[in-house]
>>> print(open('model_14.txt').read())   # compact mmCIF, C-alpha atoms and all ligand atoms
# COMPACT_ATOMS: atom_id res chain seq x y z
CA MET A 13 3.00 -21.63 7.19
CA ALA A 14 0.48 -19.07 6.07
CA LYS A 15 -2.74 -20.45 4.65
CA ILE A 16 -3.12 -19.32 1.04
CA TYR A 17 -6.54 -19.20 -0.61
CA ARG A 18 -6.88 -19.31 -4.38
CA ASP A 19 -9.91 -19.04 -6.67
CA ASN A 20 -10.92 -22.68 -6.12
CA ASP A 21 -11.12 -22.14 -2.34
CA VAL A 22 -13.60 -19.28 -2.61
CA ASP A 23 -17.39 -19.49 -2.64
CA MET A 24 -18.50 -16.33 -4.45
CA LYS A 25 -22.16 -17.16 -3.74
CA VAL A 26 -21.80 -15.80 -0.17
CA LEU A 27 -22.01 -12.33 -1.74
CA ASN A 28 -25.30 -13.04 -3.47
CA GLY A 29 -28.06 -10.84 -2.12
CA ARG A 30 -25.62 -8.59 -0.26
CA LYS A 31 -25.35 -4.97 -1.34
CA ILE A 32 -21.71 -3.90 -1.68
CA GLY A 33 -20.76 -0.27 -1.00
CA VAL A 34 -17.35 1.16 -1.85
CA ILE A 35 -16.48 4.29 0.14
CA GLY A 36 -13.91 6.37 -1.77
CA TYR A 37 -13.02 6.36 -5.45
CA GLY A 38 -9.25 6.97 -5.36
CA ASN A 39 -6.36 4.56 -5.97
CA GLN A 40 -7.91 1.45 -4.45
CA GLY A 41 -11.56 2.53 -4.58
CA ARG A 42 -11.74 2.89 -8.34
CA ALA A 43 -9.66 -0.23 -9.11
CA GLN A 44 -11.57 -2.46 -6.67
CA ALA A 45 -15.00 -1.14 -7.67
CA LEU A 46 -14.31 -1.76 -11.37
CA ASN A 47 -12.97 -5.27 -10.67
CA ILE A 48 -15.93 -6.13 -8.43
CA ARG A 49 -18.33 -4.99 -11.14
CA ASP A 50 -16.50 -7.01 -13.80
CA SER A 51 -16.78 -10.01 -11.44
CA GLY A 52 -20.56 -9.76 -11.71
CA PHE A 53 -21.61 -7.60 -8.74
CA SER A 54 -23.06 -4.08 -8.61
CA PRO A 55 -21.24 -1.98 -6.05
CA MET A 56 -22.45 1.54 -5.32
CA ILE A 57 -19.97 4.27 -4.56
CA GLY A 58 -19.97 6.62 -1.57
CA ASN A 59 -18.10 9.85 -2.17
CA GLY A 60 -18.23 13.61 -1.61
CA ASP A 61 -19.11 15.98 -4.40
CA ASP A 62 -15.83 16.39 -6.28
CA ARG A 63 -13.67 15.07 -9.13
CA TYR A 64 -13.64 11.52 -7.71
CA ARG A 65 -17.41 11.52 -7.74
CA ASP A 66 -17.44 12.76 -11.36
CA LEU A 67 -15.05 9.96 -12.35
CA ALA A 68 -17.23 7.33 -10.68
CA VAL A 69 -20.30 8.69 -12.49
CA ARG A 70 -18.39 8.68 -15.79
CA ASP A 71 -17.42 5.06 -15.11
CA GLY A 72 -21.13 4.28 -14.89
CA PHE A 73 -21.54 3.76 -11.13
CA GLU A 74 -24.42 4.80 -8.89
CA VAL A 75 -22.84 7.38 -6.55
CA HIS A 76 -24.33 8.69 -3.32
CA ALA A 77 -23.28 10.43 -0.11
CA ILE A 78 -21.14 8.24 2.14
CA SER A 79 -23.82 8.06 4.86
CA ARG A 80 -26.44 6.82 2.38
CA VAL A 81 -24.11 4.13 1.02
CA ALA A 82 -23.28 3.07 4.59
CA ALA A 83 -26.98 2.81 5.38
CA GLU A 84 -27.89 0.84 2.26
CA SER A 85 -24.91 -1.55 2.09
CA ASP A 86 -24.39 -4.92 3.74
CA VAL A 87 -20.66 -5.03 2.96
CA ILE A 88 -18.86 -1.67 3.17
CA LEU A 89 -15.37 -1.36 1.68
CA LEU A 90 -13.62 1.55 3.38
CA LEU A 91 -11.25 2.78 0.68
CA ILE A 92 -10.33 6.28 1.79
CA PRO A 93 -6.94 7.26 3.31
CA ASP A 94 -6.22 5.70 6.71
CA GLU A 95 -5.70 9.16 8.26
CA VAL A 96 -9.26 10.31 7.54
CA GLN A 97 -11.04 7.00 8.18
CA PRO A 98 -11.72 7.46 11.95
CA GLU A 99 -13.55 10.78 11.50
CA VAL A 100 -15.51 9.62 8.45
CA TYR A 101 -16.37 6.38 10.26
CA ASP A 102 -17.58 8.17 13.42
CA GLU A 103 -19.69 10.75 11.59
CA GLN A 104 -20.97 9.04 8.45
CA ILE A 105 -20.72 5.27 8.84
CA ARG A 106 -21.02 4.20 12.49
CA PRO A 107 -24.59 5.63 12.93
CA HIS A 108 -25.81 3.39 10.06
CA LEU A 109 -24.25 0.06 11.06
CA ASN A 110 -26.50 -2.81 12.05
CA PRO A 111 -25.60 -6.27 13.41
CA GLY A 112 -24.57 -8.50 10.51
CA ASP A 113 -23.18 -5.61 8.46
CA ILE A 114 -19.58 -6.05 7.41
CA LEU A 115 -16.87 -3.43 7.32
CA CYS A 116 -13.98 -4.26 5.01
CA PHE A 117 -10.58 -2.56 5.38
CA ALA A 118 -7.69 -2.52 2.88
CA SER A 119 -5.17 -1.96 5.66
CA GLY A 120 -4.87 -3.08 9.28
CA TYR A 121 -3.95 0.34 10.71
CA ASN A 122 -7.13 1.70 12.26
CA VAL A 123 -8.36 -1.61 13.64
CA TYR A 124 -4.96 -2.55 15.09
CA TYR A 125 -4.50 0.84 16.77
CA LYS A 126 -8.18 0.84 17.83
CA THR A 127 -8.92 4.22 16.24
CA ILE A 128 -11.97 2.49 14.74
CA ARG A 129 -13.90 0.12 17.00
CA PRO A 130 -16.94 -1.32 15.24
CA PRO A 131 -19.73 -2.49 17.57
CA ALA A 132 -20.27 -6.13 18.48
CA GLY A 133 -22.15 -8.04 15.81
CA VAL A 134 -20.62 -6.05 12.95
CA GLY A 135 -18.12 -8.06 10.91
CA VAL A 136 -14.65 -6.58 10.64
CA ILE A 137 -12.70 -7.99 7.72
CA MET A 138 -9.53 -7.05 5.88
CA VAL A 139 -8.70 -7.51 2.21
CA ALA A 140 -5.36 -5.72 1.86
CA PRO A 141 -3.84 -5.80 -1.63
CA ARG A 142 -0.05 -5.86 -1.79
CA MET A 143 -0.35 -3.76 -4.92
CA ILE A 144 -0.93 -0.15 -5.97
CA GLY A 145 -4.44 0.63 -7.21
CA GLU A 146 -3.55 1.13 -10.86
CA SER A 147 -1.98 -2.34 -10.99
CA VAL A 148 -4.91 -3.89 -9.08
CA ARG A 149 -6.98 -2.87 -12.08
CA ASN A 150 -4.45 -3.62 -14.84
CA LEU A 151 -3.54 -7.08 -13.52
CA TYR A 152 -7.23 -7.98 -13.20
CA ARG A 153 -7.90 -6.82 -16.77
CA ASP A 154 -4.93 -8.84 -18.01
CA GLY A 155 -6.43 -11.96 -16.41
CA LEU A 156 -3.70 -12.01 -13.76
CA GLY A 157 -3.94 -11.45 -10.03
CA PHE A 158 -1.99 -9.91 -7.16
CA PRO A 159 -1.35 -11.03 -3.58
CA CYS A 160 -3.44 -9.77 -0.71
CA LEU A 161 -3.70 -10.36 3.03
CA VAL A 162 -7.07 -11.35 4.45
CA ALA A 163 -8.30 -11.39 8.05
CA SER A 164 -11.46 -11.21 10.06
CA GLU A 165 -12.25 -10.04 13.61
CA ASN A 166 -15.44 -10.07 15.71
CA ASP A 167 -15.84 -13.49 14.09
CA ASP A 168 -16.21 -16.17 16.78
CA ASP A 169 -18.42 -18.36 14.61
CA GLY A 170 -16.29 -17.86 11.47
CA ARG A 171 -19.12 -16.44 9.34
CA PHE A 172 -17.27 -13.34 8.15
CA MET A 173 -14.06 -14.91 6.78
CA PRO A 174 -15.85 -16.42 3.74
CA ILE A 175 -17.03 -12.89 2.90
CA ALA A 176 -13.44 -11.61 3.09
CA LEU A 177 -12.37 -14.39 0.72
CA ALA A 178 -15.22 -13.63 -1.67
CA ILE A 179 -14.26 -9.94 -1.75
CA ALA A 180 -10.65 -11.00 -2.37
CA GLY A 181 -11.99 -13.16 -5.20
CA ALA A 182 -14.13 -10.37 -6.64
CA VAL A 183 -11.23 -7.90 -6.76
CA GLY A 184 -9.05 -10.56 -8.43
CA ALA A 185 -6.60 -11.30 -5.61
CA THR A 186 -7.31 -15.02 -5.23
CA ARG A 187 -6.13 -15.59 -8.81
CA PHE A 188 -2.67 -15.05 -7.27
CA GLY A 189 -3.37 -15.90 -3.62
CA ALA A 190 -4.98 -14.43 -0.50
CA PHE A 191 -2.77 -15.05 2.54
CA GLU A 192 -4.56 -15.54 5.88
CA SER A 193 -3.15 -12.85 8.16
CA SER A 194 -4.26 -10.40 10.86
CA PHE A 195 -4.75 -6.66 11.25
CA ARG A 196 -1.66 -6.61 13.48
CA GLU A 197 0.52 -8.47 10.98
CA GLU A 198 -0.54 -6.31 8.02
CA THR A 199 0.13 -3.11 9.95
CA THR A 200 3.50 -4.32 11.20
CA ILE A 201 4.87 -5.51 7.85
CA ASP A 202 3.59 -2.39 6.11
CA LEU A 203 4.98 0.14 8.61
CA PHE A 204 8.24 -1.78 9.06
CA ALA A 205 8.88 -1.63 5.31
CA GLU A 206 8.03 2.08 5.33
CA GLN A 207 10.20 2.88 8.34
CA MET A 208 13.12 0.47 8.04
CA LEU A 209 13.49 -1.06 4.57
CA TRP A 210 12.65 1.87 2.27
CA PRO A 211 14.35 4.58 4.39
CA GLY A 212 17.43 2.34 4.54
CA ILE A 213 17.41 2.10 0.76
CA ILE A 214 16.83 5.87 0.40
CA LYS A 215 19.71 6.67 2.75
CA LEU A 216 22.11 4.23 1.06
CA CYS A 217 21.23 5.63 -2.38
CA LEU A 218 21.91 9.19 -1.16
CA LEU A 219 25.21 8.11 0.44
CA TYR A 220 26.18 6.36 -2.79
CA PHE A 221 25.50 9.60 -4.68
CA GLU A 222 27.26 11.87 -2.14
CA LYS A 223 30.42 9.75 -1.81
CA LEU A 224 30.89 9.32 -5.56
CA ILE A 225 30.46 13.07 -6.15
CA GLU A 226 33.00 13.75 -3.37
CA ASN A 227 35.33 11.39 -5.25
CA GLY A 228 35.10 13.29 -8.51
CA CYS A 229 32.36 11.37 -10.34
CA ASP A 230 29.83 13.15 -12.56
CA PRO A 231 26.38 13.68 -10.89
CA GLN A 232 24.45 12.77 -14.05
CA ILE A 233 26.41 9.57 -14.61
CA VAL A 234 25.96 8.61 -10.94
CA THR A 235 22.21 9.35 -11.10
CA THR A 236 21.92 7.20 -14.22
CA GLU A 237 23.87 4.38 -12.56
CA LEU A 238 21.76 4.70 -9.40
CA TYR A 239 18.33 4.19 -10.92
CA LEU A 240 17.75 5.81 -14.30
CA SER A 241 19.38 2.97 -16.23
CA GLY A 242 16.58 0.71 -15.00
CA GLU A 243 19.09 -1.84 -13.66
CA PHE A 244 17.44 -1.55 -10.24
CA VAL A 245 14.13 -2.60 -11.80
CA GLU A 246 15.78 -5.40 -13.76
CA ILE A 247 17.42 -6.79 -10.61
CA ALA A 248 14.04 -6.78 -8.83
CA ARG A 249 12.54 -8.55 -11.83
CA ALA A 250 15.38 -11.11 -11.77
CA MET A 251 14.63 -11.80 -8.07
CA ILE A 252 11.16 -12.94 -9.13
CA THR A 253 12.51 -15.04 -12.00
CA HIS A 254 15.57 -16.54 -10.30
CA GLY A 255 15.04 -15.97 -6.56
CA PHE A 256 16.48 -13.46 -4.08
CA PHE A 257 19.91 -15.16 -4.01
CA GLY A 258 19.62 -16.88 -7.40
CA GLN A 259 19.71 -13.55 -9.27
CA LEU A 260 23.20 -12.90 -7.85
CA LYS A 261 24.51 -15.48 -10.31
CA LEU A 262 23.58 -13.12 -13.14
CA HIS A 263 26.26 -10.72 -11.87
CA SER A 264 30.03 -11.07 -12.41
CA GLN A 265 32.14 -13.10 -9.97
CA THR A 266 33.71 -9.84 -8.75
CA SER A 267 30.23 -8.46 -8.07
CA GLN A 268 29.07 -11.63 -6.31
CA PHE A 269 32.15 -11.58 -4.04
CA GLY A 270 31.70 -7.85 -3.33
CA GLN A 271 28.03 -8.17 -2.52
CA LEU A 272 28.24 -11.29 -0.35
CA SER A 273 31.35 -10.24 1.56
CA SER A 274 30.09 -6.70 2.28
CA ALA A 275 26.45 -7.31 3.24
CA ASP A 276 27.08 -8.08 6.92
CA LYS A 277 29.46 -5.14 7.30
CA MET A 278 26.65 -2.83 6.20
CA ALA A 279 24.74 -3.68 9.40
CA PRO A 280 26.84 -2.43 12.37
CA PRO A 281 25.43 -2.86 15.93
CA GLU A 282 23.96 0.69 15.95
CA LEU A 283 21.89 -0.16 12.89
CA LEU A 284 20.65 -3.40 14.44
CA THR A 285 19.64 -1.47 17.58
CA ARG A 286 17.74 1.03 15.44
CA VAL A 287 15.97 -1.80 13.59
CA ASP A 288 14.75 -3.16 16.96
CA GLU A 289 13.62 0.32 18.01
CA VAL A 290 11.59 0.72 14.83
CA VAL A 291 9.73 -2.57 15.44
CA ASP A 292 9.06 -1.56 19.06
CA GLU A 293 7.75 1.85 18.04
CA ILE A 294 5.34 0.21 15.58
CA CYS A 295 4.13 -2.59 17.85
CA SER A 296 3.79 -0.42 20.99
CA GLY A 297 1.82 2.28 19.17
CA LYS A 298 4.54 4.90 19.81
CA PHE A 299 4.83 5.68 16.09
CA HIS A 300 1.04 5.82 15.74
CA ARG A 301 0.81 8.41 18.54
CA LYS A 302 3.65 10.47 17.02
CA TRP A 303 1.98 10.44 13.56
CA ALA A 304 -1.45 11.31 15.03
CA LYS A 305 0.09 14.33 16.81
CA GLU A 306 1.95 15.39 13.63
CA GLN A 307 -1.34 15.40 11.72
CA LYS A 308 -3.15 17.29 14.48
CA ASP A 309 -0.41 19.96 14.44
CA GLY A 310 -0.73 20.49 10.65
CA LYS A 311 2.24 18.24 9.62
CA PRO A 312 5.07 20.78 10.35
CA ASN A 313 7.80 18.11 10.39
CA MET A 314 6.52 16.44 7.22
CA LYS A 315 6.73 19.80 5.38
CA LYS A 316 10.29 20.37 6.67
CA LEU A 317 11.41 16.86 5.68
CA TRP A 318 10.04 17.30 2.16
CA GLN A 319 11.86 20.62 1.84
CA GLU A 320 15.15 19.02 2.95
CA ALA A 321 14.69 16.09 0.56
CA LEU A 322 14.10 18.35 -2.43
CA ASN A 323 17.18 20.41 -1.57
CA HIS A 324 19.47 17.38 -1.94
CA PRO A 325 21.97 17.60 -4.85
CA LEU A 326 20.47 14.40 -6.28
CA ALA A 327 17.26 16.38 -6.99
CA GLU A 328 19.35 18.87 -8.98
CA ALA A 329 21.11 16.14 -11.01
CA GLU A 330 17.73 14.54 -11.63
CA ALA A 331 16.26 17.83 -12.93
CA GLU A 332 19.13 18.11 -15.41
CA LEU A 333 18.30 14.63 -16.68
CA GLU A 334 14.59 15.35 -17.04
CA ASN A 335 14.43 14.72 -20.79
CA LEU A 336 16.25 11.40 -20.53
CA ARG A 337 14.03 10.39 -17.60
CA LYS A 338 10.91 11.02 -19.69
CA ILE A 339 12.22 8.77 -22.48
CA VAL A 340 13.07 5.98 -19.99
CA ALA A 341 9.70 6.44 -18.24
CA ARG A 342 7.89 5.87 -21.55
CA SER A 343 9.86 2.66 -22.20
CA TYR A 344 8.74 1.43 -18.75
CA GLY A 345 5.12 2.15 -19.62
CA GLY A 346 4.85 5.05 -17.17
CA SER A 347 3.42 8.44 -18.00
CA ASP A 348 5.54 11.58 -17.99
P1 LIG A 401 -6.79 7.59 -1.84
O1 LIG A 401 -5.91 8.68 -1.30
O2 LIG A 401 -6.60 7.26 -3.28
O3 LIG A 401 -8.30 7.95 -1.55
C1 LIG A 401 -8.95 8.93 -2.25
C2 LIG A 401 -10.43 8.78 -1.96
O4 LIG A 401 -10.66 9.07 -0.56
C3 LIG A 401 -11.25 9.76 -2.76
O5 LIG A 401 -12.46 9.14 -3.11
C4 LIG A 401 -11.48 10.88 -1.78
O6 LIG A 401 -12.67 11.54 -2.07
C5 LIG A 401 -11.63 10.12 -0.47
N1 LIG A 401 -11.35 10.97 0.68
C6 LIG A 401 -10.19 11.59 0.98
N2 LIG A 401 -10.33 12.32 2.10
C7 LIG A 401 -11.60 12.14 2.50
C8 LIG A 401 -12.37 12.63 3.60
N3 LIG A 401 -11.82 13.45 4.54
N4 LIG A 401 -13.66 12.26 3.70
C9 LIG A 401 -14.22 11.43 2.78
N5 LIG A 401 -13.55 10.93 1.72
C10 LIG A 401 -12.25 11.28 1.59
O7 LIG A 401 -6.66 6.30 -0.91
P2 LIG A 401 -5.97 4.91 -1.26
O8 LIG A 401 -6.77 4.22 -2.30
O9 LIG A 401 -4.52 5.11 -1.46
O10 LIG A 401 -6.14 4.14 0.13
C11 LIG A 401 -7.38 3.57 0.50
C12 LIG A 401 -7.09 2.40 1.44
O11 LIG A 401 -6.36 1.41 0.71
C13 LIG A 401 -6.25 2.75 2.64
O12 LIG A 401 -6.69 1.99 3.73
C14 LIG A 401 -4.84 2.31 2.23
O13 LIG A 401 -4.01 2.00 3.34
C15 LIG A 401 -5.19 1.06 1.42
N6 LIG A 401 -4.18 0.65 0.46
C16 LIG A 401 -3.71 1.55 -0.46
C17 LIG A 401 -2.81 1.15 -1.42
C18 LIG A 401 -2.39 2.08 -2.52
O14 LIG A 401 -1.89 1.61 -3.53
N7 LIG A 401 -2.55 3.39 -2.40
C19 LIG A 401 -2.26 -0.22 -1.45
C20 LIG A 401 -2.90 -1.12 -0.52
C21 LIG A 401 -3.79 -0.67 0.43
P3 LIG A 401 -12.89 13.11 -1.78
O15 LIG A 401 -11.63 13.83 -2.19
O16 LIG A 401 -14.08 13.41 -2.59
O17 LIG A 401 -13.14 13.27 -0.35
>>> encode(input="model_14.txt", output="structure tokens")
Amino acid sequence: MAKIYRDNDVDMKVLNGRKIGVIGYGNQGRAQALNIRDSGFSPMIGNGDDRYRDLAVRDGFEVHAISRVAAESDVILLLIPDEVQPEVYDEQIRPHLNPGDILCFASGYNVYYKTIRPPAGVGVIMVAPRMIGESVRNLYRDGLGFPCLVASENDDDGRFMPIALAIAGAVGATRFGAFESSFREETTIDLFAEQMLWPGIIKLCLLYFEKLIENGCDPQIVTTELYLSGEFVEIARAMITHGFFGQLKLHSQTSQFGQLSSADKMAPPELLTRVDEVVDEICSGKFHRKWAKEQKDGKPNMKKLWQEALNHPLAEAEAELENLRKIVARSYGGSD
């Protein structure tokens, strides 16, 4: 059973006297910096000279070059995209680290794949929200929390984990619960969802669309049924309220029979083999090497895949429903 830390388990005083630096002011950077400040601390922001910097200044933060923030901070939250972290770390952070400094990651990726290797004596902790940045901020402001995974490495005497928990507390995660985890586990569950669960859902949605159109159904009605009605969101909400299986009882008997009797048939042996391959590619580092090469080459395959996705007939049906989508988006609190 995972150990779960909540507010009462956290000693926020371990942050007293430690200067907190937040590198990056994007999705997570802005949300976490604002929450940390509202929790009573004074983080400074490290960012280049662009619109993110302007936003941080407008929000009332002290903003400096990344290297200066790295040099002046005791706890450094690295909240820039995983892809750029190794280079920024090597050039602007690593030269300023001293024993006892603590580097805090919001994802396990670069530590697990060893693309960032902090020196001995530097604490390596992870506070990885299971939440998009905007909601990290909104849930905190609403007095609620969100789950996160915490871990610490280079920590034989256990002195860095309390700092990870205090950061989790300051950003608001321990109101919900911080789950003790590892860099490996965070990376694996994250990449496995991205490479097995969500692509499986994308492919099934596209097949659903294609087969119904082939069978004479109207593309706009199918698109609405697929996701625009919001039923998808309501089912996910019902999973939280009634449980993963419990929500099935909200559907008709015909639906329950259809869903339960078909689920296994949707996973033929070839799919199960592919699922195993995906885990192996993640755990062995094969995917990491492929993605590193793709980035080095200028992302040619990524560009091609995007082009193919946007050429799908579902994109056309969606464009025709743009006005309806904007109305639904407003009712879900999203911006259009
Ligand atoms: P963003 O894409 O929002 O980061 C934008 C910030 O990174 C800006 O401040 C930008 O500043 C800076 N940045 C981008 N490129 C560079 C560069 N080459 N050098 C220096 N700064 C750069 O990142 P996220 O908030 O999405 O992700 C941050 C971390 O949080 C990652 O580890 C991610 O895995 C993790 N995470 C993200 C979640 C999310 O909801 N997005 C959820 C949970 C974890 P500038 O343009 O000025 O350089």
>>> residues_around(input="model_14.txt", residues="stretch 156-173 of chain A", least_positions_apart="3", cutoff="6 Å", atoms="only C-alpha atoms", output="CSV table (one decimal) with C-alpha atoms, in the frame of the given file")
chain,number,residue,atom,x,y,z
A,135,GLY,CA,-18.1,-8.1,10.9
A,136,VAL,CA,-14.6,-6.6,10.6
A,137,ILE,CA,-12.7,-8.0,7.7
A,138,MET,CA,-9.5,-7.0,5.9
A,139,VAL,CA,-8.7,-7.5,2.2
A,140,ALA,CA,-5.4,-5.7,1.9
A,141,PRO,CA,-3.8,-5.8,-1.6
A,142,ARG,CA,0.0,-5.9,-1.8
A,151,LEU,CA,-3.5,-7.1,-13.5
A,152,TYR,CA,-7.2,-8.0,-13.2
A,176,ALA,CA,-13.4,-11.6,3.1
A,184,GLY,CA,-9.0,-10.6,-8.4
A,185,ALA,CA,-6.6,-11.3,-5.6
A,187,ARG,CA,-6.1,-15.6,-8.8
A,188,PHE,CA,-2.7,-15.0,-7.3
A,189,GLY,CA,-3.4,-15.9,-3.6
A,190,ALA,CA,-5.0,-14.4,-0.5
A,191,PHE,CA,-2.8,-15.0,2.5
A,192,GLU,CA,-4.6,-15.5,5.9
A,193,SER,CA,-3.2,-12.8,8.2
A,194,SER,CA,-4.3,-10.4,10.9
>>> residues_near_point(input="model_14.txt", point="(24.3, 12.1, -6.4)", cutoff="6 Å", atoms="all atoms listed in the file", output="MDAnalysis selection string")
chainID A and resid 221:222 231 234:235 326
>>> closest_residue(input="model_14.txt", among="A:Leu238, A:Ile179, A:Val96, A:Ile247", to="ligand LIG 401 (chain A)", atoms="all atoms listed in the file")
A:Val96
>>> residues_around(input="model_14.txt", residues="A:Val291", least_positions_apart="2", cutoff="12 Å", atoms="all atoms listed in the file", output="list in words")
Glu197, Thr199, Thr200, Ile201, Asp202, Leu203, Phe204, Ala205, Glu206, Gln207, Met208, Leu209, Leu284, Thr285, Arg286, Val287, Asp288, Glu289, Glu293, Ile294, Cys295, Ser296, Gly297, Lys298 and Phe299 of chain A
>>> closest_residue(input="model_14.txt", among="A:Trp318, A:Tyr239, A:Tyr101, A:Phe73", to="ligand LIG 401 (chain A)", atoms="all atoms listed in the file")
A:Tyr101
>>> closest_residue(input="model_14.txt", among="A:Gln40, A:Thr236, A:Gln97, A:Ser54", to="A:Glu146", atoms="all atoms listed in the file")
A:Gln40
>>> closest_atom_pairs(input="model_14.txt", of="chain A", to="ligand LIG 401 (chain A)", cutoff="8 Å", atoms="all atoms listed in the file", output="CSV")
residue,atom,partner,partner_atom,distance
A:Ile35,CA,A:LIG401,O5,7.1
A:Gly36,CA,A:LIG401,O5,3.4
A:Tyr37,CA,A:LIG401,O5,3.7
A:Gly38,CA,A:LIG401,O2,3.4
A:Asn39,CA,A:LIG401,O8,3.7
A:Gln40,CA,A:LIG401,O8,3.7
A:Gly41,CA,A:LIG401,O8,5.6
A:Arg42,CA,A:LIG401,O8,7.9
A:Asn59,CA,A:LIG401,O16,5.4
A:Gly60,CA,A:LIG401,O16,4.3
A:Asp61,CA,A:LIG401,O16,5.9
A:Asp62,CA,A:LIG401,O16,5.1
A:Arg63,CA,A:LIG401,O16,6.8
A:Tyr64,CA,A:LIG401,O5,5.3
A:Arg65,CA,A:LIG401,O16,6.4
A:Ile78,CA,A:LIG401,C9,7.6
A:Leu90,CA,A:LIG401,C12,6.9
A:Leu91,CA,A:LIG401,C11,4.0
A:Ile92,CA,A:LIG401,O4,3.7
A:Pro93,CA,A:LIG401,O7,4.3
A:Asp94,CA,A:LIG401,O12,4.8
A:Val96,CA,A:LIG401,N3,5.0
A:Gln97,CA,A:LIG401,C8,7.4
A:Glu99,CA,A:LIG401,N3,7.7
A:Val100,CA,A:LIG401,N4,5.7
A:Phe117,CA,A:LIG401,O12,6.2
A:Ala118,CA,A:LIG401,C15,4.6
A:Ser119,CA,A:LIG401,O12,4.7
A:Gly120,CA,A:LIG401,O12,7.7
A:Tyr121,CA,A:LIG401,O13,7.6
A:Ala140,CA,A:LIG401,C21,5.5
A:Pro141,CA,A:LIG401,C20,4.9
A:Arg142,CA,A:LIG401,C20,5.7
A:Met143,CA,A:LIG401,C19,5.3
A:Ile144,CA,A:LIG401,O14,3.2
A:Gly145,CA,A:LIG401,O14,4.6
A:Glu146,CA,A:LIG401,O14,7.5
>>> residues_around(input="model_14.txt", residues="A:His108", least_positions_apart="3", cutoff="8 Å", atoms="only C-alpha atoms", output="number ranges by chain")
A: 79, 82-83, 104-105
>>> atom_distance(input="model_14.txt", atom1="atom CA of A:Asn313", atom2="atom CA of A:Pro325")
20.8 Å
>>> closest_atom_pairs(input="model_14.txt", of="stretch 137-242 of chain A", to="stretch 266-280 of chain A", cutoff="12 Å", atoms="only C-alpha atoms", output="tab-separated table")
residue	atom	partner	partner_atom	distance
A:Gly212	CA	A:Ala279	CA	10.6
A:Ile213	CA	A:Met278	CA	11.8
A:Leu216	CA	A:Met278	CA	9.8
>>> residues_around(input="model_14.txt", residues="A:Val87", least_positions_apart="5", cutoff="7 Å", atoms="all atoms listed in the file", output="PDB file with C-alpha atoms, keeping the file's coordinate frame")
ATOM      1  CA  ARG A  30     -25.620  -8.590  -0.260  1.00  0.00           C
ATOM      2  CA  LYS A  31     -25.350  -4.970  -1.340  1.00  0.00           C
ATOM      3  CA  ILE A  32     -21.710  -3.900  -1.680  1.00  0.00           C
ATOM      4  CA  GLY A  33     -20.760  -0.270  -1.000  1.00  0.00           C
ATOM      5  CA  ASP A 113     -23.180  -5.610   8.460  1.00  0.00           C
ATOM      6  CA  ILE A 114     -19.580  -6.050   7.410  1.00  0.00           C
ATOM      7  CA  LEU A 115     -16.870  -3.430   7.320  1.00  0.00           C
TER       8      LEU A 115
END
